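The file start32.pdb contains PDB, C-alpha atoms:
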```
ATOM      1  CA  MET E   1      42.719   6.788  19.877
ATOM      2  CA  GLU E   2      41.623   6.162  23.490
ATOM      3  CA  SER E   3      43.581   2.890  23.624
ATOM      4  CA  ASN E   4      46.792   4.680  22.463
ATOM      5  CA  ARG E   5      46.331   7.298  25.169
ATOM      6  CA  SER E   6      46.008   4.585  27.821
ATOM      7  CA  LYS E   7      49.236   2.999  26.553
ATOM      8  CA  TYR E   8      51.084   6.320  26.919
ATOM      9  CA  ILE E   9      49.814   6.755  30.484
ATOM     10  CA  LEU E  10      50.828   3.226  31.444
ATOM     11  CA  ALA E  11      54.241   3.675  29.791
ATOM     12  CA  GLY E  12      54.901   6.846  31.798
ATOM     13  CA  LEU E  13      53.908   5.216  35.054
ATOM     14  CA  THR E  14      56.051   2.212  34.245
ATOM     15  CA  ALA E  15      59.105   4.413  33.522
ATOM     16  CA  PHE E  16      58.632   6.170  36.848
ATOM     17  CA  CYS E  17      58.442   2.852  38.644
ATOM     18  CA  ILE E  18      61.595   1.643  36.865
ATOM     19  CA  LEU E  19      63.438   4.742  38.108
ATOM     20  CA  LEU E  20      62.361   4.022  41.650
ATOM     21  CA  ILE E  21      63.291   0.375  41.297
ATOM     22  CA  GLY E  22      66.726   1.443  40.034
ATOM     23  CA  ILE E  23      67.247   3.537  43.179
ATOM     24  CA  THR E  24      66.318   0.623  45.431
ATOM     25  CA  SER E  25      68.869  -1.547  43.659
ATOM     26  CA  LEU E  26      71.805   0.624  44.722
ATOM     27  CA  LYS E  27      74.003  -1.167  47.287
ATOM     28  CA  ASP E  28      75.857   1.864  48.616
ATOM     29  CA  GLY E  29      75.446   2.205  52.374
ATOM     30  CA  ILE E  30      74.848   5.882  52.060
ATOM     31  CA  MET E  31      71.821   5.145  49.867
ATOM     32  CA  GLU E  32      70.359   2.651  52.338
ATOM     33  CA  PRO E  33      67.952   5.097  54.019
ATOM     34  CA  LEU E  34      66.854   6.310  50.600
ATOM     35  CA  ARG E  35      66.422   2.767  49.374
ATOM     36  CA  THR E  36      64.287   1.950  52.378
ATOM     37  CA  GLY E  37      62.140   5.028  51.955
ATOM     38  CA  VAL E  38      61.730   4.482  48.276
ATOM     39  CA  GLY E  39      60.809   0.892  48.931
ATOM     40  CA  TYR E  40      58.008   1.943  51.273
ATOM     41  CA  PHE E  41      56.897   4.489  48.719
ATOM     42  CA  LEU E  42      57.252   2.217  45.698
ATOM     43  CA  ILE E  43      55.166  -0.720  46.874
ATOM     44  CA  PRO E  44      51.828   1.149  47.192
ATOM     45  CA  ILE E  45      52.592   3.097  44.004
ATOM     46  CA  GLN E  46      53.234  -0.093  42.100
ATOM     47  CA  SER E  47      50.020  -1.540  43.450
ATOM     48  CA  GLY E  48      48.162   1.664  42.667
ATOM     49  CA  VAL E  49      49.644   1.874  39.219
ATOM     50  CA  ASN E  50      48.549  -1.650  38.517
ATOM     51  CA  LYS E  51      45.019  -0.957  39.762
ATOM     52  CA  VAL E  52      44.716   2.430  38.061
ATOM     53  CA  GLY E  53      46.234   1.146  34.864
ATOM     54  CA  THR E  54      44.048  -1.929  34.833
ATOM     55  CA  GLY E  55      40.919   0.071  35.667
ATOM     56  CA  LEU E  56      41.716   2.743  33.083
ATOM     57  CA  TYR E  57      42.437   0.143  30.452
ATOM     58  CA  ASN E  58      39.228  -1.743  31.250
ATOM     59  CA  GLU E  59      37.225   1.477  31.170
ATOM     60  CA  LEU E  60      38.636   2.509  27.839
ATOM     61  CA  THR E  61      38.176  -0.995  26.484
ATOM     62  CA  ASP E  62      34.520  -0.992  27.651
ATOM     63  CA  TYR E  63      34.022   2.427  26.052
ATOM     64  CA  GLY E  64      35.454   1.133  22.810
ATOM     65  CA  LYS E  65      33.137  -1.866  22.962
ATOM     66  CA  LEU E  66      30.172   0.450  23.641
ATOM     67  CA  LYS E  67      31.022   2.604  20.622
ATOM     68  CA  ALA E  68      31.350  -0.489  18.474
ATOM     69  CA  ALA E  69      28.006  -1.807  19.761
ATOM     70  CA  LEU E  70      26.296   1.535  19.090
ATOM     71  CA  ALA E  71      27.753   1.653  15.581
ATOM     72  CA  GLU E  72      26.605  -1.907  14.949
ATOM     73  CA  ASN E  73      23.148  -1.040  16.289
ATOM     74  CA  GLU E  74      22.869   1.913  13.889
ATOM     75  CA  ASN E  75      23.990  -0.324  11.062
ATOM     76  CA  LEU E  76      21.331  -2.883  11.990
ATOM     77  CA  LYS E  77      18.680  -0.153  12.130
ATOM     78  CA  THR E  78      19.675   0.932   8.633
ATOM     79  CA  GLN E  79      19.477  -2.657   7.407
ATOM     80  CA  VAL E  80      16.060  -3.162   9.024
ATOM     81  CA  ALA E  81      14.754   0.081   7.466
ATOM     82  CA  GLN E  82      16.040  -1.003   4.055
ATOM     83  CA  LEU E  83      14.516  -4.463   4.407
ATOM     84  CA  THR E  84      11.197  -2.937   5.500
ATOM     85  CA  GLU E  85      11.232  -0.615   2.486
ATOM     86  CA  ASP E  86      12.076  -3.520   0.152
ATOM     87  CA  ASN E  87       9.302  -5.640   1.666
ATOM     88  CA  ASN E  88       6.716  -2.855   1.281
ATOM     89  CA  ARG E  89       7.789  -2.301  -2.315
ATOM     90  CA  LEU E  90       7.541  -6.015  -3.092
ATOM     91  CA  GLN E  91       4.077  -6.175  -1.506
ATOM     92  CA  ALA E  92       2.935  -3.162  -3.528
ATOM     93  CA  GLU E  93       4.297  -4.744  -6.695
ATOM     94  CA  GLN E  94       2.527  -8.007  -5.861
ATOM     95  CA  PHE E  95      -0.783  -6.197  -5.306
ATOM     96  CA  GLU E  96      -0.345  -4.349  -8.599
ATOM     97  CA  LEU E  97       0.480  -7.622 -10.369
ATOM     98  CA  ASN E  98      -2.688  -9.194  -8.959
ATOM     99  CA  ARG E  99      -4.768  -6.233 -10.161
ATOM    100  CA  LEU E 100      -3.210  -6.404 -13.603
ATOM    101  CA  ARG E 101      -3.948 -10.118 -13.743
ATOM    102  CA  GLN E 102      -7.576  -9.364 -12.940
ATOM    103  CA  LEU E 103      -7.656  -6.763 -15.712
ATOM    104  CA  TYR E 104      -6.139  -9.271 -18.099
ATOM    105  CA  LYS E 105      -8.796 -11.801 -17.113
ATOM    106  CA  LEU E 106     -11.462  -9.133 -17.641
ATOM    107  CA  ASP E 107      -9.920  -8.331 -21.018
ATOM    108  CA  GLN E 108     -10.305 -11.978 -22.002
ATOM    109  CA  GLU E 109     -13.944 -12.015 -20.861
ATOM    110  CA  TYR E 110     -14.828  -9.136 -23.202
ATOM    111  CA  MET E 111     -12.720 -10.045 -26.189
ATOM    112  CA  GLN E 112     -15.482  -8.798 -28.525
ATOM    113  CA  TYR E 113     -14.775  -5.187 -27.534
ATOM    114  CA  ASN E 114     -11.760  -3.011 -28.187
ATOM    115  CA  LYS E 115     -10.289  -1.556 -25.006
ATOM    116  CA  ILE E 116      -7.410   0.331 -23.422
ATOM    117  CA  GLY E 117      -6.162   0.363 -19.852
ATOM    118  CA  ALA E 118      -6.057   3.429 -17.601
ATOM    119  CA  ARG E 119      -5.094   4.354 -14.066
ATOM    120  CA  VAL E 120      -7.361   6.245 -11.665
ATOM    121  CA  ILE E 121      -5.688   9.551 -10.732
ATOM    122  CA  ALA E 122      -8.371  11.435  -8.753
ATOM    123  CA  ARG E 123     -11.904  11.212  -7.386
ATOM    124  CA  ASP E 124     -14.544  13.771  -6.424
ATOM    125  CA  SER E 125     -15.674  12.019  -3.247
ATOM    126  CA  GLU E 126     -13.558  11.118  -0.225
ATOM    127  CA  LYS E 127     -15.687   8.057   0.414
ATOM    128  CA  TRP E 128     -16.312   6.230  -2.852
ATOM    129  CA  PHE E 129     -15.368   6.375  -6.504
ATOM    130  CA  GLN E 130     -18.722   7.755  -7.647
ATOM    131  CA  VAL E 131     -17.068  10.275  -9.996
ATOM    132  CA  PHE E 132     -13.378   9.908 -10.752
ATOM    133  CA  ARG E 133     -10.683  10.758 -13.284
ATOM    134  CA  ILE E 134      -8.354   8.562 -15.271
ATOM    135  CA  ASN E 135      -5.008   9.262 -16.950
ATOM    136  CA  LYS E 136      -6.170   8.634 -20.527
ATOM    137  CA  GLY E 137      -7.948  11.146 -22.732
ATOM    138  CA  SER E 138      -8.751  12.132 -26.294
ATOM    139  CA  SER E 139      -5.111  11.818 -27.358
ATOM    140  CA  ASP E 140      -5.375   8.138 -26.385
ATOM    141  CA  GLY E 141      -8.657   7.609 -28.231
ATOM    142  CA  VAL E 142     -11.005   8.018 -25.248
ATOM    143  CA  ALA E 143     -14.410   9.618 -25.963
ATOM    144  CA  VAL E 144     -17.566  10.539 -24.069
ATOM    145  CA  ASP E 145     -20.002   7.626 -23.454
ATOM    146  CA  MET E 146     -17.340   4.946 -23.550
ATOM    147  CA  ASN E 147     -18.007   2.189 -21.001
ATOM    148  CA  VAL E 148     -15.559   1.529 -18.156
ATOM    149  CA  VAL E 149     -15.060  -1.840 -16.429
ATOM    150  CA  ALA E 150     -12.938  -3.172 -13.554
ATOM    151  CA  ASP E 151     -12.939  -5.913 -10.908
ATOM    152  CA  GLY E 152     -14.975  -8.224 -13.124
ATOM    153  CA  GLY E 153     -17.837  -5.863 -13.886
ATOM    154  CA  LEU E 154     -19.236  -2.553 -15.063
ATOM    155  CA  VAL E 155     -17.890   0.555 -13.334
ATOM    156  CA  GLY E 156     -19.460   3.443 -15.227
ATOM    157  CA  ILE E 157     -19.342   5.640 -18.288
ATOM    158  CA  VAL E 158     -17.060   8.434 -19.545
ATOM    159  CA  THR E 159     -18.772  11.835 -19.179
ATOM    160  CA  ASP E 160     -15.988  14.302 -19.978
ATOM    161  CA  VAL E 161     -12.707  14.087 -21.883
ATOM    162  CA  GLY E 162      -9.573  16.221 -22.002
ATOM    163  CA  ALA E 163      -6.441  15.648 -24.020
ATOM    164  CA  ASN E 164      -4.761  13.589 -21.306
ATOM    165  CA  TYR E 165      -7.569  12.746 -18.877
ATOM    166  CA  ALA E 166     -11.196  11.677 -18.738
ATOM    167  CA  THR E 167     -13.963  11.831 -16.133
ATOM    168  CA  VAL E 168     -15.990   8.726 -15.319
ATOM    169  CA  ARG E 169     -19.382   8.665 -13.605
ATOM    170  CA  SER E 170     -19.844   5.352 -11.839
ATOM    171  CA  ILE E 171     -23.059   3.327 -11.656
ATOM    172  CA  ILE E 172     -23.375   3.989  -7.912
ATOM    173  CA  ASP E 173     -23.881   7.740  -8.470
ATOM    174  CA  ASP E 174     -27.413   8.975  -7.704
ATOM    175  CA  SER E 175     -27.906  10.152 -11.282
ATOM    176  CA  SER E 176     -26.944   6.826 -12.857
ATOM    177  CA  ARG E 177     -29.555   4.586 -14.528
ATOM    178  CA  VAL E 178     -28.406   1.535 -16.496
ATOM    179  CA  GLY E 179     -30.606  -0.515 -18.801
ATOM    180  CA  ALA E 180     -30.082  -4.126 -17.735
ATOM    181  CA  MET E 181     -31.420  -7.655 -17.938
ATOM    182  CA  SER E 182     -31.117 -11.007 -16.254
ATOM    183  CA  LEU E 183     -28.517 -13.254 -17.872
ATOM    184  CA  ASP E 184     -30.908 -16.221 -17.710
ATOM    185  CA  SER E 185     -33.898 -14.493 -19.279
ATOM    186  CA  SER E 186     -34.890 -11.783 -21.737
ATOM    187  CA  TYR E 187     -36.624  -9.676 -19.109
ATOM    188  CA  ASN E 188     -35.291  -6.137 -18.850
ATOM    189  CA  CYS E 189     -34.873  -3.955 -15.780
ATOM    190  CA  ILE E 190     -33.187  -0.791 -14.491
ATOM    191  CA  VAL E 191     -30.152  -0.603 -12.191
ATOM    192  CA  ALA E 192     -30.442   2.735 -10.376
ATOM    193  CA  GLY E 193     -27.524   4.409  -8.577
ATOM    194  CA  ASP E 194     -28.113   5.257  -4.923
ATOM    195  CA  LEU E 195     -25.242   6.417  -2.720
ATOM    196  CA  THR E 196     -27.261   6.055   0.471
ATOM    197  CA  LEU E 197     -28.200   2.496  -0.426
ATOM    198  CA  TYR E 198     -24.621   1.732  -1.452
ATOM    199  CA  GLU E 199     -23.574   2.198   2.171
ATOM    200  CA  GLN E 200     -25.075  -1.295   2.513
ATOM    201  CA  GLY E 201     -23.179  -2.485  -0.563
ATOM    202  CA  ARG E 202     -26.319  -2.476  -2.755
ATOM    203  CA  LEU E 203     -27.994  -0.645  -5.620
ATOM    204  CA  LYS E 204     -31.669  -0.492  -6.566
ATOM    205  CA  LEU E 205     -33.041  -2.994  -9.084
ATOM    206  CA  THR E 206     -36.410  -1.951 -10.560
ATOM    207  CA  ASP E 207     -38.941  -2.488 -13.346
ATOM    208  CA  PHE E 208     -38.664  -6.237 -13.707
ATOM    209  CA  SER E 209     -41.679  -7.908 -15.285
ATOM    210  CA  ARG E 210     -43.855  -9.712 -12.749
ATOM    211  CA  ASP E 211     -43.402 -12.828 -14.912
ATOM    212  CA  ALA E 212     -39.624 -12.861 -14.533
ATOM    213  CA  VAL E 213     -38.256 -15.581 -12.277
ATOM    214  CA  LEU E 214     -35.281 -14.259 -10.324
ATOM    215  CA  ARG E 215     -33.246 -16.005  -7.671
ATOM    216  CA  ASN E 216     -30.694 -14.549  -5.280
ATOM    217  CA  GLY E 217     -27.335 -14.494  -7.012
ATOM    218  CA  ASP E 218     -28.670 -14.339 -10.577
ATOM    219  CA  GLN E 219     -26.340 -12.320 -12.808
ATOM    220  CA  ILE E 220     -27.566  -8.948 -14.066
ATOM    221  CA  ILE E 221     -25.903  -7.679 -17.244
ATOM    222  CA  THR E 222     -26.273  -4.664 -19.525
ATOM    223  CA  SER E 223     -29.172  -5.255 -21.901
ATOM    224  CA  ASN E 224     -29.251  -5.348 -25.672
ATOM    225  CA  ILE E 225     -31.544  -2.329 -25.731
ATOM    226  CA  SER E 226     -29.400  -0.192 -23.426
ATOM    227  CA  THR E 227     -28.833   3.142 -25.133
ATOM    228  CA  LYS E 228     -25.253   3.854 -24.041
ATOM    229  CA  TYR E 229     -23.964   0.683 -22.444
ATOM    230  CA  LEU E 230     -22.655  -2.119 -24.611
ATOM    231  CA  PRO E 231     -24.568  -5.401 -24.177
ATOM    232  CA  GLY E 232     -23.492  -8.338 -22.046
ATOM    233  CA  ILE E 233     -21.363  -6.548 -19.438
ATOM    234  CA  LEU E 234     -21.789  -7.948 -15.945
ATOM    235  CA  ILE E 235     -23.198  -5.359 -13.537
ATOM    236  CA  GLY E 236     -23.801  -7.459 -10.435
ATOM    237  CA  TYR E 237     -26.029  -9.985  -8.708
ATOM    238  CA  ALA E 238     -29.741  -9.812  -7.884
ATOM    239  CA  VAL E 239     -30.904 -10.196  -4.273
ATOM    240  CA  ASP E 240     -34.248  -9.927  -2.444
ATOM    241  CA  VAL E 241     -36.418  -9.424  -5.557
ATOM    242  CA  SER E 242     -40.150  -9.360  -4.856
ATOM    243  CA  ILE E 243     -43.500  -8.296  -6.393
ATOM    244  CA  ASP E 244     -44.228  -4.580  -6.134
ATOM    245  CA  PRO E 245     -47.427  -3.337  -4.434
ATOM    246  CA  ASP E 246     -49.024  -2.633  -7.815
ATOM    247  CA  HIS E 247     -48.523  -6.331  -8.690
ATOM    248  CA  LEU E 248     -47.354  -5.291 -12.158
ATOM    249  CA  THR E 249     -43.592  -5.272 -11.673
ATOM    250  CA  GLN E 250     -40.864  -6.649  -9.428
ATOM    251  CA  SER E 251     -38.038  -4.826  -7.698
ATOM    252  CA  GLY E 252     -35.149  -5.685  -5.421
ATOM    253  CA  TYR E 253     -31.477  -5.010  -5.023
ATOM    254  CA  LEU E 254     -28.222  -5.540  -6.863
ATOM    255  CA  ILE E 255     -24.801  -6.245  -5.380
ATOM    256  CA  PRO E 256     -22.280  -4.669  -7.787
ATOM    257  CA  ALA E 257     -19.536  -6.856  -9.215
ATOM    258  CA  ALA E 258     -17.012  -3.988  -9.122
ATOM    259  CA  ASP E 259     -15.471  -2.668  -5.918
ATOM    260  CA  PHE E 260     -16.103   1.089  -5.678
ATOM    261  CA  ASP E 261     -14.121   1.484  -2.485
ATOM    262  CA  ASN E 262     -10.692   0.979  -4.035
ATOM    263  CA  LEU E 263     -10.444   1.484  -7.789
ATOM    264  CA  GLN E 264      -6.918   1.848  -9.146
ATOM    265  CA  GLU E 265      -6.861   0.506 -12.704
ATOM    266  CA  VAL E 266      -9.724   0.239 -15.185
ATOM    267  CA  LEU E 267     -10.390  -0.826 -18.756
ATOM    268  CA  ILE E 268     -12.110   1.558 -21.184
ATOM    269  CA  LEU E 269     -14.178  -0.127 -23.877
ATOM    270  CA  THR E 270     -13.540   2.048 -26.913
ATOM    271  CA  ASP E 271     -16.604   0.835 -28.857
ATOM    272  CA  LEU E 272     -19.549   3.250 -28.649
ATOM    273  CA  LYS E 273     -23.299   2.798 -28.523
ATOM    274  CA  ASN E 274     -24.843   6.238 -29.058
ATOM    275  CA  SER E 275     -28.269   7.543 -28.049
ATOM    276  CA  ASP E 276     -29.786  10.513 -26.224
ATOM    277  CA  GLU E 277     -32.574   8.772 -24.327
ATOM    278  CA  ALA E 278     -32.857   9.021 -20.527
ATOM    279  CA  VAL E 279     -32.171   5.412 -19.655
ATOM    280  CA  GLU E 280     -28.610   4.536 -20.467
TER
END
```
Hey, can you dump this file as structure tokens for me?
Amino acid sequence: MESNRSKYILAGLTAFCILLIGITSLKDGIMEPLRTGVGYFLIPIQSGVNKVGTGLYNELTDYGKLKAALAENENLKTQVAQLTEDNNRLQAEQFELNRLRQLYKLDQEYMQYNKIGARVIARDSEKWFQVFRINKGSSDGVAVDMNVVADGGLVGIVTDVGANYATVRSIIDDSSRVGAMSLDSSYNCIVAGDLTLYEQGRLKLTDFSRDAVLRNGDQIITSNISTKYLPGILIGYAVDVSIDPDHLTQSGYLIPAADFDNLQEVLILTDLKNSDEAVE
């Protein structure tokens, strides 16, 4: 639109100049003074018209280029935003795929148990997943005391069930006590939840027989005599085990196999092992 306007202005100025040029072309002697005057007047006008026209045209052309550049810049911003969104979505999908692969691997490790998958939908603590809720409930076959696993190891146990949700208490909770044993021996022990201790990434390991030989990194699993936990589920790894002051037992620490900082998907083992005793 601006370029058309500049053409109209230049056309008008050109027509005016043509009229003046026509006057200067008259050969009549009477017109000589007029021709001379017009000539003096026409030369600067022609020069001015050329300068004004050229400047106006250049200005309008530059303005058009600026508008085009701004439009292209907005288009590029839109493309960058779309590419950023696509990249974030692909990364999220890749992370989810990796988690699902880990769950599949975990599923293969515990083939002897029936299980269903669930997604974590809420937690009671802002810091860790000590008590959390999942999106599967009684309508999906979930029941109280079912074991929950993720990230290669034991996470906790179902404590409450609704039609479409269930509550899980994790093994790091202060009230949690899991009957356990060393994978390499028949000696039993207790894995005790401790939120303060978990700030160091550890749980308490107690009541090992003084005769048990434990090395750092030994696997601790749920024991055969556990009252609520199914046997053979990896809980974590023993560290810093030593003889207690009474010289009758050993105690130390356990590094959990599961990551309680970022739980998103879990597996619920639908087999049950029922009992009402204190140690689970």
>> Show me, as a list in words, the residues that have an atom within 9 Å of E:Val142 when counting only C-alpha atoms, minus same-chain residues fewer than 3 positions from it.
In response: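 Contacts, with the query itself left out: Ile116, Lys136, Gly137, Ser138, Ser139, Met146, Val158, Val161, Gly162, Ala163, Tyr165, Ala166, Ile268, Leu269 and Thr270 of chain E.
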>> Nearest residue to E:Ala180 out of E:Val266, E:Leu254, E:Ile134, E:Ile121, using all atoms listed in the file?
In response: E:Leu254
Any chance you could work out the residue set of the PyMOL selection byres ((chain E and resi 230-244) around 6) here, as a PDB file with C-alpha atoms, in the frame of the given file?
```
ATOM      1  CA  GLY E 153     -17.837  -5.863 -13.886  1.00  0.00           C
ATOM      2  CA  LEU E 154     -19.236  -2.553 -15.063  1.00  0.00           C
ATOM      3  CA  ASN E 216     -30.694 -14.549  -5.280  1.00  0.00           C
ATOM      4  CA  GLY E 217     -27.335 -14.494  -7.012  1.00  0.00           C
ATOM      5  CA  ASP E 218     -28.670 -14.339 -10.577  1.00  0.00           C
ATOM      6  CA  GLN E 219     -26.340 -12.320 -12.808  1.00  0.00           C
ATOM      7  CA  ILE E 220     -27.566  -8.948 -14.066  1.00  0.00           C
ATOM      8  CA  ILE E 221     -25.903  -7.679 -17.244  1.00  0.00           C
ATOM      9  CA  THR E 222     -26.273  -4.664 -19.525  1.00  0.00           C
ATOM     10  CA  SER E 223     -29.172  -5.255 -21.901  1.00  0.00           C
ATOM     11  CA  ASN E 224     -29.251  -5.348 -25.672  1.00  0.00           C
ATOM     12  CA  TYR E 229     -23.964   0.683 -22.444  1.00  0.00           C
ATOM     13  CA  PRO E 245     -47.427  -3.337  -4.434  1.00  0.00           C
ATOM     14  CA  ASP E 246     -49.024  -2.633  -7.815  1.00  0.00           C
ATOM     15  CA  HIS E 247     -48.523  -6.331  -8.690  1.00  0.00           C
ATOM     16  CA  THR E 249     -43.592  -5.272 -11.673  1.00  0.00           C
ATOM     17  CA  GLN E 250     -40.864  -6.649  -9.428  1.00  0.00           C
ATOM     18  CA  SER E 251     -38.038  -4.826  -7.698  1.00  0.00           C
ATOM     19  CA  GLY E 252     -35.149  -5.685  -5.421  1.00  0.00           C
ATOM     20  CA  TYR E 253     -31.477  -5.010  -5.023  1.00  0.00           C
ATOM     21  CA  LEU E 254     -28.222  -5.540  -6.863  1.00  0.00           C
ATOM     22  CA  ILE E 255     -24.801  -6.245  -5.380  1.00  0.00           C
ATOM     23  CA  PRO E 256     -22.280  -4.669  -7.787  1.00  0.00           C
ATOM     24  CA  ALA E 257     -19.536  -6.856  -9.215  1.00  0.00           C
TER      25      ALA E 257
END
```
> What is the atom CA of E:Gly141 to atom CA of E:Asp160 distance in Å?
Replying inline: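 One can read the atom CA of E:Gly141 to atom CA of E:Asp160 distance as 12.9 Å.
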>> Rounded to one decimal, what separation in Å do you get between atom CA of E:Leu214 and atom CA of E:Arg177?
In response: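 Going from atom CA of E:Leu214 over to atom CA of E:Arg177, I get 20.1 Å.
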> To one decimal place, how far is atom CA of E:Asp124 from atom CA of E:Gly156 in Å?
Replying inline: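 Calculated distance between atom CA of E:Asp124 and atom CA of E:Gly156 is 14.4 Å.
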>> Taking only C-alpha atoms into account, name the residue in E:Val178, E:Val155, E:Ile190, E:Ile225 that is nearest to E:Lys273.
In response: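 Using only C-alpha atoms, E:Lys273 sits closest to E:Ile225.
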>> as a PyMOL selection string, please: the residues near E:Ser186 (cut-off 9 Å, only C-alpha atoms, same-chain neighbours under 3 positions excluded).
In response: chain E and resi 181-183+212+223
Given the point (-10.5, 6.8, -3.7) in the file's coordinates, find the residues that have an atom at most 7 Å from it, counting only C-alpha atoms, and give them as a PDB file with C-alpha atoms, keeping the file's coordinate frame.
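So point_5.pdb came out as:
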```pdb
ATOM      1  CA  ARG E 123     -11.904  11.212  -7.386  1.00  0.00           C
ATOM      2  CA  GLU E 126     -13.558  11.118  -0.225  1.00  0.00           C
ATOM      3  CA  LYS E 127     -15.687   8.057   0.414  1.00  0.00           C
ATOM      4  CA  TRP E 128     -16.312   6.230  -2.852  1.00  0.00           C
ATOM      5  CA  PHE E 129     -15.368   6.375  -6.504  1.00  0.00           C
ATOM      6  CA  ASP E 261     -14.121   1.484  -2.485  1.00  0.00           C
ATOM      7  CA  ASN E 262     -10.692   0.979  -4.035  1.00  0.00           C
ATOM      8  CA  LEU E 263     -10.444   1.484  -7.789  1.00  0.00           C
TER       9      LEU E 263
END
```
> Could you spell out the hits of the PyMOL selection byres ((chain E and resi 175) around 10) on the shown file, as a list in words?
Replying inline: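 Taken over the shown coordinates, the PyMOL selection byres ((chain E and resi 175) around 10) returns Arg169, Ser170, Ile171, Ile172, Asp173, Asp174, Ser176, Arg177, Ala192, Gly193, Asp194 and Leu195 of chain E.
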> Nearest to E:Arg119: which of E:Ser209, E:Val168, E:Ala68, E:Asp62 is it, counting only C-alpha atoms?
Replying inline: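 That would be E:Val168, the residue with the smallest distance to E:Arg119.
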